[in-house]
>>> print(open('query.pdb').read())   # PDB, C-alpha atoms, pLDDT in the B column
ATOM      1  CA  MET U 121     103.822 102.541  99.950  1.00 51.00           C
ATOM      2  CA  ASN U 122     100.594 101.884 101.773  1.00 58.00           C
ATOM      3  CA  GLU U 123      98.424  99.267 100.100  1.00 75.00           C
ATOM      4  CA  LEU U 124      94.709  99.650  99.560  1.00 79.00           C
ATOM      5  CA  PRO U 125      92.417  97.122 101.221  1.00 83.00           C
ATOM      6  CA  ASP U 126      90.735  94.369  99.251  1.00 90.00           C
ATOM      7  CA  TYR U 127      87.971  95.910  97.126  1.00 93.00           C
ATOM      8  CA  GLN U 128      85.307  93.347  98.052  1.00 92.00           C
ATOM      9  CA  GLN U 129      86.136  93.627 101.761  1.00 93.00           C
ATOM     10  CA  ALA U 130      85.939  97.407 101.478  1.00 94.00           C
ATOM     11  CA  GLN U 131      82.517  97.153  99.841  1.00 95.00           C
ATOM     12  CA  LEU U 132      81.285  94.868 102.627  1.00 94.00           C
ATOM     13  CA  LEU U 133      82.601  97.255 105.278  1.00 94.00           C
ATOM     14  CA  LEU U 134      80.795 100.202 103.694  1.00 94.00           C
ATOM     15  CA  GLU U 135      77.552  98.236 103.358  1.00 95.00           C
ATOM     16  CA  LYS U 136      77.785  96.904 106.927  1.00 94.00           C
ATOM     17  CA  ASN U 137      77.965 100.517 108.106  1.00 93.00           C
ATOM     18  CA  GLU U 138      75.106 101.540 105.794  1.00 92.00           C
ATOM     19  CA  ILE U 139      77.338 103.791 103.689  1.00 93.00           C
ATOM     20  CA  PHE U 140      75.890 103.286 100.240  1.00 92.00           C
ATOM     21  CA  VAL U 141      78.787 104.281  98.018  1.00 94.00           C
ATOM     22  CA  THR U 142      81.344 102.136  96.293  1.00 95.00           C
ATOM     23  CA  PRO U 143      84.964 101.961  97.450  1.00 96.00           C
ATOM     24  CA  SER U 144      85.787 103.514  94.067  1.00 96.00           C
ATOM     25  CA  GLU U 145      83.601 106.535  94.777  1.00 96.00           C
ATOM     26  CA  ALA U 146      85.044 106.980  98.281  1.00 94.00           C
ATOM     27  CA  HIS U 147      88.590 106.828  96.864  1.00 95.00           C
ATOM     28  CA  GLY U 148      87.571 109.261  94.117  1.00 95.00           C
ATOM     29  CA  VAL U 149      86.156 111.789  96.596  1.00 94.00           C
ATOM     30  CA  ILE U 150      89.334 111.695  98.698  1.00 92.00           C
ATOM     31  CA  SER U 151      91.462 111.979  95.553  1.00 93.00           C
ATOM     32  CA  GLY U 152      89.394 114.939  94.328  1.00 93.00           C
ATOM     33  CA  LEU U 153      89.698 116.719  97.675  1.00 90.00           C
ATOM     34  CA  LEU U 154      93.468 116.326  97.634  1.00 89.00           C
ATOM     35  CA  ALA U 155      93.839 117.125  93.938  1.00 89.00           C
ATOM     36  CA  CYS U 156      92.118 120.477  94.338  1.00 84.00           C
ATOM     37  CA  GLY U 157      94.216 121.596  97.260  1.00 77.00           C
ATOM     38  CA  LEU U 158      92.827 120.303 100.556  1.00 70.00           C
ATOM     39  CA  SER U 159      95.663 120.625 103.021  1.00 70.00           C
ATOM     40  CA  ILE U 160      97.346 117.245 103.237  1.00 58.00           C
ATOM     41  CA  GLU U 161      97.698 117.447 107.018  1.00 58.00           C
ATOM     42  CA  ALA U 162      94.025 118.359 107.456  1.00 58.00           C
ATOM     43  CA  LYS U 163      91.606 116.091 109.276  1.00 69.00           C
ATOM     44  CA  GLU U 164      88.858 118.046 107.534  1.00 78.00           C
ATOM     45  CA  TYR U 165      88.351 115.226 105.044  1.00 82.00           C
ATOM     46  CA  LEU U 166      86.560 113.026 107.610  1.00 86.00           C
ATOM     47  CA  GLY U 167      84.020 115.764 108.282  1.00 85.00           C
ATOM     48  CA  LEU U 168      83.482 116.307 104.570  1.00 86.00           C
ATOM     49  CA  LEU U 169      83.088 112.567 103.951  1.00 89.00           C
ATOM     50  CA  SER U 170      80.669 112.333 106.859  1.00 89.00           C
ATOM     51  CA  ASP U 171      78.595 115.178 105.403  1.00 90.00           C
ATOM     52  CA  VAL U 172      78.541 113.605 101.953  1.00 89.00           C
ATOM     53  CA  PHE U 173      78.203 109.908 102.805  1.00 91.00           C
ATOM     54  CA  ASN U 174      76.578 109.798 106.243  1.00 90.00           C
ATOM     55  CA  ASP U 175      74.288 112.846 106.681  1.00 89.00           C
ATOM     56  CA  GLY U 176      76.894 114.475 108.909  1.00 86.00           C
ATOM     57  CA  GLN U 177      76.885 111.590 111.391  1.00 89.00           C
ATOM     58  CA  SER U 178      80.187 110.422 112.814  1.00 87.00           C
ATOM     59  CA  PHE U 179      81.681 107.286 111.299  1.00 91.00           C
ATOM     60  CA  SER U 180      82.305 104.086 113.215  1.00 91.00           C
ATOM     61  CA  HIS U 181      85.873 103.369 114.302  1.00 92.00           C
ATOM     62  CA  ASP U 182      86.399 100.786 111.536  1.00 93.00           C
ATOM     63  CA  LEU U 183      85.197 103.240 108.882  1.00 93.00           C
ATOM     64  CA  LYS U 184      87.463 105.984 110.214  1.00 91.00           C
ATOM     65  CA  GLU U 185      90.368 103.545 109.965  1.00 91.00           C
ATOM     66  CA  PHE U 186      89.330 102.543 106.434  1.00 93.00           C
ATOM     67  CA  PHE U 187      89.122 106.165 105.255  1.00 92.00           C
ATOM     68  CA  ALA U 188      92.428 106.955 106.987  1.00 90.00           C
ATOM     69  CA  VAL U 189      94.133 104.131 105.062  1.00 91.00           C
ATOM     70  CA  ILE U 190      92.726 105.414 101.779  1.00 92.00           C
ATOM     71  CA  TYR U 191      93.627 109.017 102.625  1.00 91.00           C
ATOM     72  CA  LYS U 192      97.202 108.069 103.537  1.00 89.00           C
ATOM     73  CA  GLN U 193      97.567 105.940 100.400  1.00 90.00           C
ATOM     74  CA  VAL U 194      96.309 108.751  98.136  1.00 91.00           C
ATOM     75  CA  VAL U 195      98.595 111.310  99.791  1.00 88.00           C
ATOM     76  CA  GLU U 196     101.602 108.996  99.422  1.00 88.00           C
ATOM     77  CA  SER U 197     100.843 108.055  95.843  1.00 88.00           C
ATOM     78  CA  PHE U 198     100.087 111.638  94.720  1.00 86.00           C
ATOM     79  CA  ASN U 199     103.468 112.651  96.145  1.00 82.00           C
ATOM     80  CA  ASP U 200     105.319 109.647  94.724  1.00 79.00           C
ATOM     81  CA  GLU U 201     108.076 110.746  92.365  1.00 80.00           C
ATOM     82  CA  GLU U 202     107.444 107.699  90.178  1.00 79.00           C
ATOM     83  CA  PHE U 203     103.741 108.538  89.736  1.00 74.00           C
ATOM     84  CA  GLN U 204     102.530 105.314  91.367  1.00 83.00           C
ATOM     85  CA  PHE U 205      99.004 106.680  91.900  1.00 89.00           C
ATOM     86  CA  ASP U 206      96.294 104.148  90.997  1.00 91.00           C
ATOM     87  CA  LEU U 207      92.528 104.301  91.038  1.00 93.00           C
ATOM     88  CA  PHE U 208      90.759 102.019  93.540  1.00 94.00           C
ATOM     89  CA  LEU U 209      88.645  99.949  91.167  1.00 94.00           C
ATOM     90  CA  PRO U 210      87.247  96.420  91.041  1.00 94.00           C
ATOM     91  CA  SER U 211      90.014  93.969  90.150  1.00 91.00           C
ATOM     92  CA  ASP U 212      90.789  92.790  86.633  1.00 88.00           C
ATOM     93  CA  ASP U 213      89.135  89.500  87.639  1.00 89.00           C
ATOM     94  CA  GLU U 214      85.758  91.272  87.638  1.00 92.00           C
ATOM     95  CA  THR U 215      83.718  91.803  84.468  1.00 91.00           C
ATOM     96  CA  LEU U 216      84.466  94.781  82.258  1.00 93.00           C
ATOM     97  CA  VAL U 217      81.016  96.116  83.143  1.00 93.00           C
ATOM     98  CA  ASP U 218      81.916  96.040  86.862  1.00 94.00           C
ATOM     99  CA  GLN U 219      85.270  97.675  86.164  1.00 94.00           C
ATOM    100  CA  ALA U 220      83.629 100.347  83.988  1.00 94.00           C
ATOM    101  CA  ASN U 221      80.992 101.031  86.638  1.00 95.00           C
ATOM    102  CA  GLY U 222      83.807 101.350  89.180  1.00 95.00           C
ATOM    103  CA  LEU U 223      85.564 103.841  86.917  1.00 96.00           C
ATOM    104  CA  VAL U 224      82.405 105.927  86.503  1.00 96.00           C
ATOM    105  CA  SER U 225      81.899 105.873  90.294  1.00 96.00           C
ATOM    106  CA  TRP U 226      85.513 106.896  90.868  1.00 96.00           C
ATOM    107  CA  VAL U 227      85.269 109.809  88.413  1.00 96.00           C
ATOM    108  CA  ALA U 228      81.932 110.949  89.895  1.00 96.00           C
ATOM    109  CA  GLY U 229      83.533 110.816  93.350  1.00 95.00           C
ATOM    110  CA  PHE U 230      86.557 112.775  92.141  1.00 95.00           C
ATOM    111  CA  MET U 231      84.290 115.448  90.668  1.00 94.00           C
ATOM    112  CA  LEU U 232      82.372 115.646  93.950  1.00 93.00           C
ATOM    113  CA  GLY U 233      85.522 115.926  96.070  1.00 91.00           C
ATOM    114  CA  PHE U 234      87.073 118.423  93.688  1.00 89.00           C
ATOM    115  CA  GLY U 235      83.911 120.509  93.639  1.00 87.00           C
ATOM    116  CA  LEU U 236      83.585 120.553  97.424  1.00 83.00           C
ATOM    117  CA  LYS U 237      86.790 122.539  97.784  1.00 79.00           C
ATOM    118  CA  GLN U 238      87.483 124.141  94.389  1.00 77.00           C
ATOM    119  CA  LYS U 239      85.219 127.152  94.163  1.00 72.00           C
ATOM    120  CA  ASP U 240      86.977 129.301  91.560  1.00 75.00           C
ATOM    121  CA  TYR U 241      86.885 127.468  88.246  1.00 75.00           C
ATOM    122  CA  GLY U 242      87.811 130.675  86.448  1.00 75.00           C
ATOM    123  CA  LYS U 243      91.330 130.488  87.860  1.00 81.00           C
ATOM    124  CA  LEU U 244      91.952 126.924  86.716  1.00 85.00           C
ATOM    125  CA  SER U 245      94.405 126.336  83.891  1.00 88.00           C
ATOM    126  CA  ALA U 246      93.122 125.268  80.489  1.00 91.00           C
ATOM    127  CA  ASP U 247      94.498 121.755  81.150  1.00 92.00           C
ATOM    128  CA  VAL U 248      92.579 121.342  84.407  1.00 89.00           C
ATOM    129  CA  LYS U 249      89.408 122.751  82.870  1.00 90.00           C
ATOM    130  CA  GLU U 250      89.769 120.185  80.074  1.00 92.00           C
ATOM    131  CA  VAL U 251      90.188 117.397  82.641  1.00 93.00           C
ATOM    132  CA  ILE U 252      87.018 118.486  84.462  1.00 91.00           C
ATOM    133  CA  SER U 253      85.136 118.628  81.155  1.00 93.00           C
ATOM    134  CA  ASP U 254      86.427 115.182  80.149  1.00 93.00           C
ATOM    135  CA  PHE U 255      85.604 113.745  83.573  1.00 94.00           C
ATOM    136  CA  SER U 256      82.079 115.106  83.237  1.00 93.00           C
ATOM    137  CA  GLU U 257      81.776 113.169  79.971  1.00 93.00           C
ATOM    138  CA  ILE U 258      83.231 110.017  81.539  1.00 93.00           C
ATOM    139  CA  THR U 259      80.521 110.054  84.224  1.00 93.00           C
ATOM    140  CA  ARG U 260      78.063 109.495  81.370  1.00 91.00           C
ATOM    141  CA  LEU U 261      80.086 106.625  79.895  1.00 86.00           C
ATOM    142  CA  ASP U 262      78.106 103.683  78.561  1.00 85.00           C
ATOM    143  CA  THR U 263      79.390 100.900  80.789  1.00 84.00           C
ATOM    144  CA  MET U 264      77.977  98.045  78.726  1.00 84.00           C
ATOM    145  CA  PHE U 265      81.264  96.599  77.582  1.00 82.00           C
ATOM    146  CA  ASP U 266      81.605  93.248  75.879  1.00 86.00           C
ATOM    147  CA  GLU U 267      84.164  90.844  77.284  1.00 89.00           C
ATOM    148  CA  THR U 268      86.491  91.329  74.314  1.00 91.00           C
ATOM    149  CA  GLU U 269      90.153  92.222  74.195  1.00 92.00           C
ATOM    150  CA  GLU U 270      89.264  95.374  72.231  1.00 92.00           C
ATOM    151  CA  ASP U 271      86.794  96.598  74.880  1.00 91.00           C
ATOM    152  CA  SER U 272      89.233  95.682  77.654  1.00 91.00           C
ATOM    153  CA  GLN U 273      91.957  97.729  75.970  1.00 94.00           C
ATOM    154  CA  ALA U 274      89.596 100.685  75.446  1.00 92.00           C
ATOM    155  CA  LEU U 275      88.543 100.657  79.098  1.00 93.00           C
ATOM    156  CA  HIS U 276      92.127 100.463  80.324  1.00 93.00           C
ATOM    157  CA  GLU U 277      93.062 103.425  78.110  1.00 95.00           C
ATOM    158  CA  VAL U 278      90.301 105.486  79.732  1.00 95.00           C
ATOM    159  CA  ILE U 279      91.459 104.354  83.194  1.00 94.00           C
ATOM    160  CA  GLU U 280      95.024 105.418  82.378  1.00 95.00           C
ATOM    161  CA  TYR U 281      93.799 108.798  81.086  1.00 95.00           C
ATOM    162  CA  VAL U 282      91.850 109.352  84.329  1.00 96.00           C
ATOM    163  CA  ARG U 283      94.843 108.315  86.440  1.00 95.00           C
ATOM    164  CA  VAL U 284      97.227 110.697  84.661  1.00 94.00           C
ATOM    165  CA  SER U 285      94.630 113.485  84.679  1.00 94.00           C
ATOM    166  CA  ALA U 286      94.178 113.196  88.455  1.00 93.00           C
ATOM    167  CA  LEU U 287      97.955 113.471  88.843  1.00 92.00           C
ATOM    168  CA  LEU U 288      97.929 116.564  86.618  1.00 91.00           C
ATOM    169  CA  CYS U 289      95.263 118.211  88.798  1.00 91.00           C
ATOM    170  CA  PHE U 290      97.243 117.414  91.928  1.00 90.00           C
ATOM    171  CA  ALA U 291     100.492 118.688  90.415  1.00 88.00           C
ATOM    172  CA  GLU U 292      98.853 121.996  89.579  1.00 86.00           C
ATOM    173  CA  LEU U 293      96.519 122.539  92.531  1.00 84.00           C
ATOM    174  CA  GLY U 294      97.144 120.008  95.247  1.00 75.00           C
ATOM    175  CA  GLN U 295     100.665 120.767  96.253  1.00 63.00           C
ATOM    176  CA  GLU U 296     100.625 123.699  98.582  1.00 50.00           C
ATOM    177  CA  GLN U 297     102.954 126.479  97.607  1.00 35.00           C
ATOM    178  CA  ALA U 298     105.488 127.326 100.263  1.00 33.00           C
ATOM    179  CA  PRO U 299     104.490 130.624 101.839  1.00 35.00           C
ATOM    180  CA  LYS U 300     106.805 133.423 100.820  1.00 35.00           C
ATOM    181  CA  SER U 301     108.512 135.124 103.669  1.00 35.00           C
ATOM    182  CA  THR U 302     107.121 138.594 104.207  1.00 37.00           C
ATOM    183  CA  LYS U 303     109.461 139.441 107.035  1.00 40.00           C
ATOM    184  CA  LYS U 304     111.932 142.168 106.305  1.00 41.00           C
ATOM    185  CA  THR U 305     115.451 141.771 107.511  1.00 42.00           C
ATOM    186  CA  LEU U 306     116.416 144.352 110.074  1.00 43.00           C
ATOM    187  CA  HIS U 307     119.957 145.657 109.864  1.00 44.00           C
TER     188      HIS U 307
END
>>> encode(input="query.pdb", output="structure tokens")
Amino acid sequence: MNELPDYQQAQLLLEKNEIFVTPSEAHGVISGLLACGLSIEAKEYLGLLSDVFNDGQSFSHDLKEFFAVIYKQVVESFNDEEFQFDLFLPSDDETLVDQANGLVSWVAGFMLGFGLKQKDYGKLSADVKEVISDFSEITRLDTMFDETEEDSQALHEVIEYVRVSALLCFAELGQEQAPKSTKKTLH
């Protein structure tokens, strides 16, 4: 499976190109786009990311490569039979506050990506509606965690909930249904 780049290097790349979002948010937007049904083969995601992150301006070559790596990794991990999808967050070596801020950025990005393509919330299942409601609450999470084992455990439980919830959204909406044949057999 394709590996994500180093988080700090990704942040530097974004900043160098004057894209003022976190790697977590970028990963969240791509995940949200895919989870709500953006065609996996589509190159549309680069245009959407450009509109959202760069005022519609084209990305540099290194940014296009960076987003392509993330896109490919999300596609592969969403389709992984062993559910190996992970959020792109600051490493466990970072403070809990940094990790929590990364989580909030990821969820906000997911909501943005999901909302860009999912226009009919009325047709969503009760489970997906609950995920969207919960994610909305998570974006308002107090990220002032203490460096305690208890707070670390609580944060990792929220991260796991978000991870599984993103997989649930993809399982319901992201996998394109095979078109039913409408051709009639001639005898």
>>> resolve_selection(input="query.pdb", expression="the PyMOL selection byres ((chain U and resi 180) around 12)", output="VMD selection string")
chain U and resid 133 to 134 136 to 139 166 170 174 177 to 179 181 to 187
>>> residues_around(input="query.pdb", residues="Tyr191 in chain U", least_positions_apart="4", cutoff="8 Å", atoms="all atoms listed in the file", output="ChimeraX atom specification")
/U:147,150-151,187,195
>>> write_last_selection(input="query.pdb", atoms="C-alpha atoms", output="mmCIF file, in the coordinates of the input")
data_model
loop_
_atom_site.group_PDB
_atom_site.id
_atom_site.type_symbol
_atom_site.label_atom_id
_atom_site.label_comp_id
_atom_site.auth_asym_id
_atom_site.auth_seq_id
_atom_site.Cartn_x
_atom_site.Cartn_y
_atom_site.Cartn_z
ATOM 1 C CA HIS U 147 88.590 106.828 96.864
ATOM 2 C CA ILE U 150 89.334 111.695 98.698
ATOM 3 C CA SER U 151 91.462 111.979 95.553
ATOM 4 C CA PHE U 187 89.122 106.165 105.255
ATOM 5 C CA VAL U 195 98.595 111.310 99.791
#
>>> atom_distance(input="query.pdb", atom1="CA of Glu277 in chain U", atom2="CA of Leu223 in chain U")
11.6 Å
>>> atom_distance(input="query.pdb", atom1="CA of Phe234 in chain U", atom2="CA of Leu124 in chain U")
21.1 Å
>>> atom_distance(input="query.pdb", atom1="CA of Glu135 in chain U", atom2="CA of Trp226 in chain U")
17.2 Å
>>> residues_near_point(input="query.pdb", point="(86.9, 96.6, 98.0)", cutoff="10 Å", atoms="all atoms listed in the file", output="list in words")
Leu124, Pro125, Asp126, Tyr127, Gln128, Gln129, Ala130, Gln131, Leu132, Leu133, Leu134, Thr142, Pro143, Ser144, Phe208, Leu209, Pro210 and Ser211 of chain U
>>> closest_residue(input="query.pdb", among="U:Ala220, U:Val194, U:Ala146, U:Leu158", to="Phe265 in chain U", atoms="only C-alpha atoms")
U:Ala220
>>> closest_residue(input="query.pdb", among="U:Ala188, U:Leu168, U:Leu275, U:Val248", to="Asp218 in chain U", atoms="all atoms listed in the file")
U:Leu275
>>> closest_residue(input="query.pdb", among="U:Gly152, U:Gly229, U:Gly235, U:Gly222", to="Leu288 in chain U", atoms="all atoms listed in the file")
U:Gly152
